[in-house]
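Undergrad: Contents of query.cif (mmCIF, C-alpha atoms) are given next:
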data_query
#
loop_
_atom_site.label_atom_id
_atom_site.label_comp_id
_atom_site.auth_asym_id
_atom_site.auth_seq_id
_atom_site.Cartn_x
_atom_site.Cartn_y
_atom_site.Cartn_z
CA MET A 129 -14.11 34.60 4.09
CA ASP A 130 -12.74 37.18 6.52
CA LEU A 131 -10.34 35.51 8.94
CA LYS A 132 -8.62 38.68 10.16
CA LYS A 133 -10.69 39.17 13.29
CA ARG A 134 -13.27 36.84 14.74
CA ASP A 135 -14.99 36.68 18.10
CA CYS A 136 -15.38 32.91 17.91
CA PRO A 137 -13.66 30.12 15.97
CA LEU A 138 -14.65 29.43 12.40
CA ILE A 139 -16.03 25.90 11.97
CA LEU A 140 -15.02 24.20 8.74
CA ARG A 141 -16.15 20.79 7.53
CA ASP A 142 -14.36 20.22 4.23
CA VAL A 143 -10.74 20.12 3.14
CA ASP A 144 -11.01 22.71 0.38
CA ALA A 145 -12.35 25.36 2.77
CA LEU A 146 -9.60 24.57 5.27
CA ARG A 147 -6.91 24.85 2.64
CA ARG A 148 -8.26 28.17 1.38
CA ALA A 149 -8.25 29.60 4.89
CA VAL A 150 -4.75 28.39 5.64
CA ALA A 151 -3.47 29.61 2.26
CA GLY A 152 -4.72 33.10 3.09
CA TRP A 153 -2.85 33.10 6.38
CA ARG A 154 0.27 31.79 4.73
CA ALA A 155 0.12 34.48 2.08
CA ASP A 156 0.18 37.00 4.93
CA GLY A 157 3.31 35.38 6.36
CA GLU A 158 1.59 33.87 9.41
CA ILE A 159 2.84 30.77 11.22
CA ILE A 160 0.21 28.05 11.48
CA ALA A 161 -0.19 25.39 14.17
CA LEU A 162 -2.44 22.34 14.25
CA THR A 163 -3.70 20.58 17.38
CA PRO A 164 -5.35 17.29 16.37
CA THR A 165 -7.98 16.02 18.84
CA MET A 166 -10.96 13.70 19.09
CA GLY A 167 -12.91 16.33 21.02
CA ALA A 168 -14.28 15.94 24.56
CA LEU A 169 -11.89 18.73 25.45
CA HIS A 170 -10.43 19.18 28.91
CA ALA A 171 -7.69 21.41 30.32
CA GLY A 172 -5.03 19.16 28.80
CA HIS A 173 -6.32 19.91 25.31
CA VAL A 174 -6.46 23.62 26.14
CA SER A 175 -2.79 23.43 27.13
CA LEU A 176 -2.02 22.16 23.61
CA VAL A 177 -3.69 25.25 22.18
CA GLU A 178 -1.78 27.48 24.59
CA MET A 179 1.52 25.91 23.52
CA ALA A 180 0.54 26.26 19.87
CA LYS A 181 -0.18 29.96 20.38
CA ARG A 182 3.29 30.48 21.87
CA HIS A 183 4.84 29.20 18.65
CA ALA A 184 2.36 30.28 15.98
CA SER A 185 0.10 33.19 15.07
CA ARG A 186 -2.81 30.99 13.96
CA VAL A 187 -4.14 27.76 15.48
CA VAL A 188 -6.34 25.12 13.87
CA MET A 189 -7.85 22.38 16.02
CA SER A 190 -9.23 19.26 14.38
CA ILE A 191 -12.08 17.49 16.12
CA PHE A 192 -12.55 14.06 14.61
CA VAL A 193 -13.31 10.79 16.40
CA ASN A 194 -11.29 8.57 14.11
CA PRO A 195 -12.92 5.16 13.58
CA THR A 196 -9.82 3.51 12.14
CA GLN A 197 -7.91 3.68 15.43
CA PHE A 198 -10.62 1.80 17.34
CA ALA A 199 -10.68 -1.98 17.24
CA ALA A 200 -13.85 -4.06 17.38
CA GLY A 201 -15.28 -3.95 20.90
CA GLU A 202 -13.59 -0.65 21.83
CA ASP A 203 -15.51 2.50 22.74
CA PHE A 204 -15.88 4.27 19.37
CA GLY A 205 -19.65 4.56 19.67
CA ALA A 206 -19.55 5.57 23.33
CA TYR A 207 -16.53 7.88 23.11
CA PRO A 208 -17.57 11.18 24.75
CA ARG A 209 -18.63 13.89 22.31
CA SER A 210 -19.28 17.51 23.34
CA PHE A 211 -18.83 19.54 20.17
CA GLU A 212 -20.43 22.85 21.19
CA ALA A 213 -18.55 22.92 24.49
CA ASP A 214 -15.34 22.00 22.66
CA VAL A 215 -15.72 24.90 20.23
CA ALA A 216 -16.36 27.28 23.12
CA ALA A 217 -13.28 26.06 25.02
CA PHE A 218 -11.11 26.35 21.92
CA GLY A 219 -12.41 29.86 21.25
CA ALA A 220 -11.78 30.92 24.85
CA ALA A 221 -8.16 29.74 24.44
CA GLY A 222 -7.78 31.96 21.39
CA GLY A 223 -8.05 29.36 18.64
CA ASP A 224 -8.97 30.32 15.09
CA ILE A 225 -10.44 27.39 13.17
CA VAL A 226 -12.13 24.16 14.20
CA PHE A 227 -11.81 21.58 11.45
CA ALA A 228 -14.54 18.99 12.04
CA PRO A 229 -14.95 16.74 9.00
CA ALA A 230 -17.50 13.96 8.75
CA VAL A 231 -16.24 10.39 8.55
CA GLU A 232 -17.37 10.31 4.92
CA ALA A 233 -15.17 13.33 4.16
CA MET A 234 -12.09 11.65 5.66
CA TYR A 235 -12.72 8.13 4.37
CA GLY A 236 -14.72 8.42 1.20
CA ALA A 237 -16.20 5.66 -0.90
CA GLY A 238 -13.54 3.17 -1.94
CA PHE A 239 -10.95 4.46 0.53
CA ALA A 240 -8.22 1.81 0.40
CA THR A 241 -4.99 3.25 1.81
CA ALA A 242 -3.39 2.94 5.23
CA ILE A 243 0.05 3.66 6.64
CA HIS A 244 2.09 0.72 7.86
CA VAL A 245 4.05 1.63 10.99
CA ALA A 246 6.89 -0.09 12.82
CA GLY A 247 9.66 1.28 15.04
CA PRO A 248 8.05 2.82 18.16
CA ALA A 249 4.66 1.49 17.02
CA LEU A 250 5.77 -2.13 17.50
CA VAL A 251 7.44 -2.33 20.89
CA GLY A 252 4.93 -4.31 22.94
CA LEU A 253 3.16 -1.47 24.73
CA GLU A 254 -0.17 -0.18 23.36
CA ASP A 255 0.37 -2.33 20.28
CA ARG A 256 0.36 -5.44 22.48
CA THR A 257 -3.41 -5.26 22.96
CA ARG A 258 -4.32 -2.85 20.15
CA PRO A 259 -2.39 -4.15 17.11
CA THR A 260 -4.18 -2.00 14.51
CA HIS A 261 -4.33 1.17 16.58
CA PHE A 262 -1.23 3.00 15.39
CA SER A 263 -1.87 2.32 11.72
CA GLY A 264 -5.19 4.13 12.19
CA VAL A 265 -3.52 6.95 14.12
CA ALA A 266 -0.72 7.37 11.58
CA THR A 267 -3.13 7.38 8.64
CA VAL A 268 -5.45 10.02 10.07
CA VAL A 269 -2.60 12.21 11.33
CA ALA A 270 -0.89 12.06 7.94
CA LYS A 271 -4.16 13.11 6.33
CA LEU A 272 -4.68 15.98 8.77
CA LEU A 273 -1.12 17.24 8.30
CA ASN A 274 -1.55 17.11 4.53
CA GLN A 275 -4.96 18.78 4.68
CA CYS A 276 -3.87 21.64 6.94
CA ARG A 277 -0.16 21.82 6.05
CA PRO A 278 0.78 23.49 9.32
CA ASP A 279 4.23 24.69 10.29
CA ILE A 280 3.80 23.15 13.76
CA ALA A 281 1.68 20.36 15.20
CA VAL A 282 1.24 19.87 18.95
CA PHE A 283 0.64 16.53 20.66
CA GLY A 284 0.45 15.64 24.34
CA GLU A 285 2.99 13.54 26.21
CA LYS A 286 0.21 11.60 27.97
CA ASP A 287 -0.10 9.45 24.83
CA TYR A 288 3.66 9.00 24.80
CA GLN A 289 3.92 6.07 22.41
CA GLN A 290 1.60 7.88 20.01
CA LEU A 291 3.82 10.97 20.24
CA LYS A 292 6.87 8.92 19.27
CA VAL A 293 5.01 7.22 16.43
CA ILE A 294 3.95 10.60 15.01
CA ALA A 295 7.43 12.08 15.37
CA ARG A 296 8.81 9.06 13.49
CA LEU A 297 6.09 9.41 10.85
CA ALA A 298 7.00 13.05 10.23
CA ARG A 299 10.71 12.23 9.92
CA ASP A 300 10.32 9.15 7.75
CA LEU A 301 7.87 10.75 5.29
CA ASP A 302 9.76 14.07 5.15
CA LEU A 303 6.70 15.98 6.30
CA ASP A 304 7.48 19.68 6.52
CA VAL A 305 6.14 20.14 10.03
CA LYS A 306 7.69 20.54 13.48
CA ILE A 307 6.18 18.19 16.07
CA LEU A 308 5.97 19.71 19.56
CA ALA A 309 5.32 17.74 22.76
CA ALA A 310 3.13 19.25 25.48
CA PRO A 311 3.53 18.04 29.09
CA THR A 312 0.81 15.91 30.69
CA LEU A 313 -1.67 17.89 32.78
CA ARG A 314 -2.92 16.30 36.00
CA GLU A 315 -5.59 16.66 38.61
CA LYS A 316 -4.40 17.76 42.06
CA ASP A 317 -4.19 14.11 43.14
CA GLY A 318 -1.99 13.20 40.17
CA LEU A 319 -4.50 11.56 37.83
CA ALA A 320 -3.61 12.41 34.23
CA LEU A 321 -6.37 14.35 32.49
CA SER A 322 -8.18 12.21 29.94
CA SER A 323 -11.50 12.34 28.13
CA ARG A 324 -12.11 8.80 29.34
CA ASN A 325 -11.95 9.81 33.02
CA VAL A 326 -15.68 10.55 32.80
CA TYR A 327 -16.24 6.78 32.65
CA LEU A 328 -14.88 6.29 36.19
CA ALA A 329 -17.39 5.54 38.96
CA PRO A 330 -16.78 7.51 42.19
CA ALA A 331 -14.91 4.66 43.92
CA GLU A 332 -12.84 4.08 40.80
CA ARG A 333 -12.04 7.78 40.55
CA ALA A 334 -10.77 7.68 44.14
CA ALA A 335 -8.48 4.74 43.32
CA ALA A 336 -7.29 6.00 39.92
CA PRO A 337 -4.37 8.20 41.14
CA ALA A 338 -2.62 5.05 42.38
CA LEU A 339 -1.41 4.45 38.81
CA TYR A 340 0.54 7.70 38.79
CA GLY A 341 1.64 7.18 42.39
CA ALA A 342 3.17 3.82 41.53
CA LEU A 343 5.09 5.34 38.62
CA VAL A 344 6.42 8.14 40.81
CA ALA A 345 7.58 5.66 43.45
CA CYS A 346 9.13 3.47 40.77
CA ALA A 347 11.07 6.38 39.27
CA ALA A 348 12.33 7.40 42.71
CA ALA A 349 13.48 3.84 43.40
CA ILE A 350 15.36 3.63 40.09
CA ARG A 351 17.07 6.96 40.75
CA ALA A 352 18.05 5.66 44.22
CA GLY A 353 19.78 2.66 42.64
CA VAL A 354 17.13 -0.02 43.00
CA GLY A 355 17.29 -2.50 40.12
CA LEU A 356 14.80 -2.06 37.28
CA ASP A 357 13.19 -5.46 37.74
CA VAL A 358 12.66 -4.94 41.47
CA ALA A 359 11.36 -1.38 41.07
CA LEU A 360 8.95 -2.40 38.31
CA GLU A 361 7.65 -5.40 40.24
CA ASP A 362 6.96 -3.17 43.25
CA ALA A 363 5.09 -0.77 40.97
CA ARG A 364 3.00 -3.57 39.48
CA ARG A 365 2.07 -4.82 42.93
CA ALA A 366 0.98 -1.32 43.98
CA VAL A 367 -1.16 -0.89 40.86
CA ALA A 368 -2.79 -4.29 41.30
CA LYS A 369 -3.42 -3.63 45.01
CA ALA A 370 -5.36 -0.48 44.04
CA GLY A 371 -7.77 -2.64 42.03
CA PHE A 372 -6.36 -2.27 38.52
CA ILE A 373 -6.07 -5.05 35.95
CA ILE A 374 -2.65 -4.37 34.44
CA ASP A 375 -1.93 -4.37 30.72
CA TYR A 376 1.68 -3.27 31.24
CA VAL A 377 3.99 -1.34 33.55
CA GLU A 378 7.31 -0.97 31.76
CA ALA A 379 10.58 0.95 31.73
CA ARG A 380 11.74 1.80 28.19
CA ASN A 381 14.30 3.85 26.31
CA ALA A 382 12.66 7.27 26.26
CA GLU A 383 13.44 7.86 22.58
CA THR A 384 13.05 4.48 20.88
CA LEU A 385 10.72 2.82 23.43
CA GLU A 386 12.81 -0.32 23.12
CA PRO A 387 13.21 -2.48 26.25
CA LEU A 388 16.16 -1.66 28.49
CA ARG A 389 18.94 -4.19 28.89
CA GLY A 390 20.55 -4.07 32.32
CA VAL A 391 22.34 -1.00 33.62
CA THR A 392 22.01 1.89 31.19
CA ASP A 393 22.75 5.57 30.80
CA ASP A 394 19.91 5.89 28.31
CA PRO A 395 17.03 8.23 29.16
CA ILE A 396 14.26 6.15 30.75
CA ARG A 397 10.50 6.49 30.42
CA LEU A 398 8.09 4.60 32.63
CA LEU A 399 4.84 3.70 30.85
CA ALA A 400 1.72 2.02 32.18
CA ALA A 401 -1.72 0.96 31.04
CA ALA A 402 -4.31 -0.67 33.28
CA ARG A 403 -8.04 -1.13 33.58
CA LEU A 404 -10.13 0.08 36.48
CA GLY A 405 -13.61 -1.31 36.09
CA LYS A 406 -14.55 -0.66 32.46
CA THR A 407 -12.10 2.22 32.05
CA ARG A 408 -8.64 1.81 30.59
CA LEU A 409 -6.14 4.39 31.82
CA ILE A 410 -2.64 5.10 30.52
CA ASP A 411 0.15 7.18 32.01
CA ASN A 412 3.88 7.75 31.76
CA ILE A 413 6.65 9.73 33.41
CA ALA A 414 10.35 10.37 32.88
CA VAL A 415 12.88 8.88 35.29
#
The structure in this file should be written as structure tokens.
TA:
Amino acid sequence: MDLKKRDCPLILRDVDALRRAVAGWRADGEIIALTPTMGALHAGHVSLVEMAKRHASRVVMSIFVNPTQFAAGEDFGAYPRSFEADVAAFGAAGGDIVFAPAVEAMYGAGFATAIHVAGPALVGLEDRTRPTHFSGVATVVAKLLNQCRPDIAVFGEKDYQQLKVIARLARDLDLDVKILAAPTLREKDGLALSSRNVYLAPAERAAAPALYGALVACAAAIRAGVGLDVALEDARRAVAKAGFIIDYVEARNAETLEPLRGVTDDPIRLLAAARLGKTRLIDNIAV
């Protein structure tokens, strides 16, 4: 398997082939990065690859729609899939290997192990309505990190609670990998890029940037000295007025994601999740 020079990414489906490829790079002293994804790539995913390339000489992208992080009634079956376009986008960004295992390869017959998560995974944000989600995320990410054994793994800040869960996972399990956070990419009107944005009807798409707008206004109010409770309530009213059904709009400690208690010098992160029609959007910003 010649991985020295390729005009397009190599597509691998099994762990042994991935490990052989990575072992060859490592023997040559190359630094390896992994960008885990569920496919349906957009410019935000490409930015992960671009960050990975700034820190590593080789980049692997996993494309795997992980069933264990979807609860019953969620959109696993309908989640957008565009494998050929994803491979092309990854190749255009300079990526080297697409690792795209089948579900059976990741969760074989008799699979009976999952990672129990607490800390930032149990703070009443995404876990409030998706109680099994982060166990599924942690299990598949641990598997991918073990399968690829990268020096670096890149995750986006848009899924901020997930980012903190994975960083905690890597620390707690002594995984020999550096977790890098890539900034959220946005449309010109502020809407955070997401694979699920394709679900939005035209009128919903026009209203969707209000979620980000409310967070920006909330952050500005907090910096101006407005109390947290007042600033957050104003943000919730703005989100609801735009037609969203709110799951949460919260201000949390940016590192632990624990609730804030009164006046604080702690770094603050604003996080929100809300539904617009059938589409659930999440977003977050620093204060």
Undergrad: Taking 2 positions as the minimum chain separation for residues in the same chain, which residues sit within 7 Å of Gln197 (chain A) when counting only C-alpha atoms? Answer as a compact mmCIF listing (two decimals) with C-alpha atoms, keeping the file's coordinate frame.
TA:
# COMPACT_ATOMS: atom_id res chain seq x y z
CA ASN A 194 -11.29 8.57 14.11
CA PRO A 195 -12.92 5.16 13.58
CA ALA A 199 -10.68 -1.98 17.24
CA THR A 260 -4.18 -2.00 14.51
CA HIS A 261 -4.33 1.17 16.58
CA PHE A 262 -1.23 3.00 15.39
CA GLY A 264 -5.19 4.13 12.19
CA VAL A 265 -3.52 6.95 14.12
Undergrad: Would you mind listing what lies within 10 Å of Ala334 (chain A) as a PDB file with C-alpha atoms, keeping the file's coordinate frame, with all atoms listed in the file counted and same-chain residues fewer than 4 positions away left out?
TA:
ATOM      1  CA  ASP A 317      -4.190  14.110  43.140  1.00  0.00           C
ATOM      2  CA  LEU A 319      -4.500  11.560  37.830  1.00  0.00           C
ATOM      3  CA  LEU A 328     -14.880   6.290  36.190  1.00  0.00           C
ATOM      4  CA  ALA A 329     -17.390   5.540  38.960  1.00  0.00           C
ATOM      5  CA  PRO A 330     -16.780   7.510  42.190  1.00  0.00           C
ATOM      6  CA  ALA A 338      -2.620   5.050  42.380  1.00  0.00           C
ATOM      7  CA  ALA A 370      -5.360  -0.480  44.040  1.00  0.00           C
TER       8      ALA A 370
END
Undergrad: Measuring atom to atom with all atoms listed in the file, identify which of A:Gly284, A:Gly219, A:Pro337, A:Pro164 is nearest to Ala309 (chain A).
TA: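 Answer, going by the shortest atom-to-atom distance: A:Gly284.
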Undergrad: Give me, as a ChimeraX atom specification, all polymer residues having an atom no more than 12 Å from Met234 (chain A), counting only C-alpha atoms and skipping those fewer than 5 positions away in the same chain.
TA: /A:141-143,190-196,227-229,239-241,267-272,274-275
Undergrad: Would you please work out which residue, of A:Leu308, A:Leu321, A:Gln289, A:Arg314, is nearest to Leu169 (chain A) when using only C-alpha atoms?
TA: A:Leu321
Undergrad: Check which residues of region 246-346 of chain A sit at most 12 Å from region 396-402 of chain A using only C-alpha atoms, and return one row each with the closest pair of atoms and their distance in Å to one decimal, ordered by chain and rising number, as JSON lines.
TA:
{"residue": "A:Val251", "atom": "CA", "partner": "A:Leu399", "partner_atom": "CA", "distance": 11.9}
{"residue": "A:Gly252", "atom": "CA", "partner": "A:Leu399", "partner_atom": "CA", "distance": 11.3}
{"residue": "A:Leu253", "atom": "CA", "partner": "A:Leu399", "partner_atom": "CA", "distance": 8.2}
{"residue": "A:Glu254", "atom": "CA", "partner": "A:Ala401", "partner_atom": "CA", "distance": 7.9}
{"residue": "A:Asp255", "atom": "CA", "partner": "A:Ala401", "partner_atom": "CA", "distance": 11.4}
{"residue": "A:Arg256", "atom": "CA", "partner": "A:Ala401", "partner_atom": "CA", "distance": 10.9}
{"residue": "A:Thr257", "atom": "CA", "partner": "A:Ala401", "partner_atom": "CA", "distance": 10.3}
{"residue": "A:Arg258", "atom": "CA", "partner": "A:Ala401", "partner_atom": "CA", "distance": 11.8}
{"residue": "A:Glu285", "atom": "CA", "partner": "A:Leu399", "partner_atom": "CA", "distance": 11.0}
{"residue": "A:Lys286", "atom": "CA", "partner": "A:Leu399", "partner_atom": "CA", "distance": 9.6}
{"residue": "A:Asp287", "atom": "CA", "partner": "A:Leu399", "partner_atom": "CA", "distance": 9.7}
{"residue": "A:Tyr288", "atom": "CA", "partner": "A:Leu399", "partner_atom": "CA", "distance": 8.1}
{"residue": "A:Gln289", "atom": "CA", "partner": "A:Leu399", "partner_atom": "CA", "distance": 8.8}
{"residue": "A:Lys292", "atom": "CA", "partner": "A:Arg397", "partner_atom": "CA", "distance": 12.0}
{"residue": "A:Ala320", "atom": "CA", "partner": "A:Ala400", "partner_atom": "CA", "distance": 11.9}
{"residue": "A:Ala336", "atom": "CA", "partner": "A:Ala402", "partner_atom": "CA", "distance": 9.9}
{"residue": "A:Pro337", "atom": "CA", "partner": "A:Ala402", "partner_atom": "CA", "distance": 11.9}
{"residue": "A:Ala338", "atom": "CA", "partner": "A:Ala402", "partner_atom": "CA", "distance": 10.9}
{"residue": "A:Leu339", "atom": "CA", "partner": "A:Ala400", "partner_atom": "CA", "distance": 7.7}
{"residue": "A:Tyr340", "atom": "CA", "partner": "A:Ala400", "partner_atom": "CA", "distance": 8.8}
{"residue": "A:Gly341", "atom": "CA", "partner": "A:Ala400", "partner_atom": "CA", "distance": 11.4}
{"residue": "A:Ala342", "atom": "CA", "partner": "A:Ala400", "partner_atom": "CA", "distance": 9.6}
{"residue": "A:Leu343", "atom": "CA", "partner": "A:Leu398", "partner_atom": "CA", "distance": 6.7}
{"residue": "A:Val344", "atom": "CA", "partner": "A:Leu398", "partner_atom": "CA", "distance": 9.1}
{"residue": "A:Ala345", "atom": "CA", "partner": "A:Leu398", "partner_atom": "CA", "distance": 10.9}
{"residue": "A:Cys346", "atom": "CA", "partner": "A:Leu398", "partner_atom": "CA", "distance": 8.3}
Undergrad: Select, from A:Ala184, A:Ala352, A:Ala366, A:Leu385, the residue with the minimum atom-to-atom distance to Gly157 (chain A), counting all atoms listed in the file.
TA: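 Checking each candidate against Gly157 (chain A), we get A:Ala184 as the closest.
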Undergrad: From the list A:His173, A:Val231, A:Gly223, A:Trp153, which residue is nearest Cys136 (chain A) when using all atoms listed in the file?
TA: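 Comparing A:His173, A:Val231, A:Gly223, A:Trp153 against Cys136 (chain A), the winner is A:Gly223.
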Undergrad: Name the residues captured by the PyMOL selection byres ((chain A and resi 187) around 8) when it is applied to the shown file; answer as a ChimeraX atom specification.
TA: /A:160-163,177,180-181,184-186,188-189,223-225
Undergrad: Could you tell me how far CA of Arg154 (chain A) sits from CA of Pro137 (chain A), in Å to one decimal place?
TA: 18.0 Å
Undergrad: Determine the residue set returned by the PyMOL selection byres ((chain A and resi 390) around 12) for the present structure, and present it as a list in words.
TA: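 Going through the file, the PyMOL selection byres ((chain A and resi 390) around 12) ends up selecting Val354, Gly355, Leu356, Asp357, Ala379, Arg380, Asn381, Pro387, Leu388, Arg389, Val391, Thr392, Asp393 and Asp394 of chain A.
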Undergrad: For the atom pair CA of Pro395 (chain A) and CA of Val415 (chain A), what is the interatomic distance in Å to one decimal place?
TA: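 So the answer is 7.4 Å.
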Undergrad: Would you translate the PyMOL selection byres ((chain A and resi 214) around 9) into the concrete set of residues it matches in this file, as a list in words?
TA: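 That selection, the PyMOL selection byres ((chain A and resi 214) around 9), comes back as Gly167, Ala168, Leu169, His170, Ile191, Arg209, Ser210, Phe211, Glu212, Ala213, Val215, Ala216, Ala217, Phe218 and Gly219 of chain A.
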Undergrad: Expressed in Å to a single decimal, how great is the separation between CA of Val326 (chain A) and CA of Gly205 (chain A)?
TA: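 Separation of CA of Val326 (chain A) and CA of Gly205 (chain A): 15.0 Å.
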Undergrad: Kindly reconstruct region 339-347 of chain A with all heavy atoms and present the result as an mmCIF file, in the frame of the given file.
TA:
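Everything below was put into part21.cif:
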data_model
loop_
_atom_site.group_PDB
_atom_site.id
_atom_site.type_symbol
_atom_site.label_atom_id
_atom_site.label_comp_id
_atom_site.auth_asym_id
_atom_site.auth_seq_id
_atom_site.Cartn_x
_atom_site.Cartn_y
_atom_site.Cartn_z
ATOM 1 N N LEU A 339 -2.230 4.774 39.983
ATOM 2 C CA LEU A 339 -1.410 4.450 38.810
ATOM 3 C C LEU A 339 -0.227 5.413 38.720
ATOM 4 O O LEU A 339 0.930 4.991 38.572
ATOM 5 C CB LEU A 339 -2.263 4.504 37.547
ATOM 6 C CG LEU A 339 -1.573 4.070 36.251
ATOM 7 C CD1 LEU A 339 -1.172 2.602 36.307
ATOM 8 C CD2 LEU A 339 -2.490 4.318 35.047
ATOM 9 N N TYR A 340 -0.518 6.690 38.819
ATOM 10 C CA TYR A 340 0.540 7.700 38.790
ATOM 11 C C TYR A 340 1.444 7.555 40.016
ATOM 12 O O TYR A 340 2.681 7.636 39.896
ATOM 13 C CB TYR A 340 -0.080 9.098 38.751
ATOM 14 C CG TYR A 340 0.913 10.232 38.863
ATOM 15 C CD1 TYR A 340 1.893 10.429 37.899
ATOM 16 C CD2 TYR A 340 0.852 11.127 39.931
ATOM 17 C CE1 TYR A 340 2.793 11.488 37.992
ATOM 18 C CE2 TYR A 340 1.745 12.185 40.029
ATOM 19 C CZ TYR A 340 2.702 12.362 39.063
ATOM 20 O OH TYR A 340 3.593 13.408 39.165
ATOM 21 N N GLY A 341 0.851 7.327 41.177
ATOM 22 C CA GLY A 341 1.640 7.180 42.390
ATOM 23 C C GLY A 341 2.652 6.055 42.289
ATOM 24 O O GLY A 341 3.798 6.174 42.751
ATOM 25 N N ALA A 342 2.250 4.945 41.689
ATOM 26 C CA ALA A 342 3.170 3.820 41.530
ATOM 27 C C ALA A 342 4.310 4.166 40.586
ATOM 28 O O ALA A 342 5.463 3.764 40.813
ATOM 29 C CB ALA A 342 2.392 2.603 40.997
ATOM 30 N N LEU A 343 4.029 4.927 39.537
ATOM 31 C CA LEU A 343 5.090 5.340 38.620
ATOM 32 C C LEU A 343 6.075 6.285 39.301
ATOM 33 O O LEU A 343 7.292 6.180 39.108
ATOM 34 C CB LEU A 343 4.491 6.002 37.378
ATOM 35 C CG LEU A 343 3.669 5.112 36.451
ATOM 36 C CD1 LEU A 343 3.144 5.921 35.267
ATOM 37 C CD2 LEU A 343 4.480 3.916 35.961
ATOM 38 N N VAL A 344 5.552 7.213 40.095
ATOM 39 C CA VAL A 344 6.420 8.140 40.810
ATOM 40 C C VAL A 344 7.335 7.390 41.772
ATOM 41 O O VAL A 344 8.549 7.649 41.848
ATOM 42 C CB VAL A 344 5.575 9.192 41.570
ATOM 43 C CG1 VAL A 344 6.444 10.020 42.508
ATOM 44 C CG2 VAL A 344 4.856 10.104 40.576
ATOM 45 N N ALA A 345 6.776 6.448 42.516
ATOM 46 C CA ALA A 345 7.580 5.660 43.450
ATOM 47 C C ALA A 345 8.611 4.817 42.709
ATOM 48 O O ALA A 345 9.758 4.673 43.165
ATOM 49 C CB ALA A 345 6.672 4.775 44.299
ATOM 50 N N CYS A 346 8.216 4.275 41.564
ATOM 51 C CA CYS A 346 9.130 3.470 40.770
ATOM 52 C C CYS A 346 10.299 4.316 40.266
ATOM 53 O O CYS A 346 11.468 3.901 40.344
ATOM 54 C CB CYS A 346 8.379 2.838 39.605
ATOM 55 S SG CYS A 346 9.350 1.707 38.594
ATOM 56 N N ALA A 347 10.006 5.495 39.763
ATOM 57 C CA ALA A 347 11.070 6.380 39.270
ATOM 58 C C ALA A 347 12.030 6.759 40.391
ATOM 59 O O ALA A 347 13.252 6.777 40.202
ATOM 60 C CB ALA A 347 10.454 7.630 38.652
#
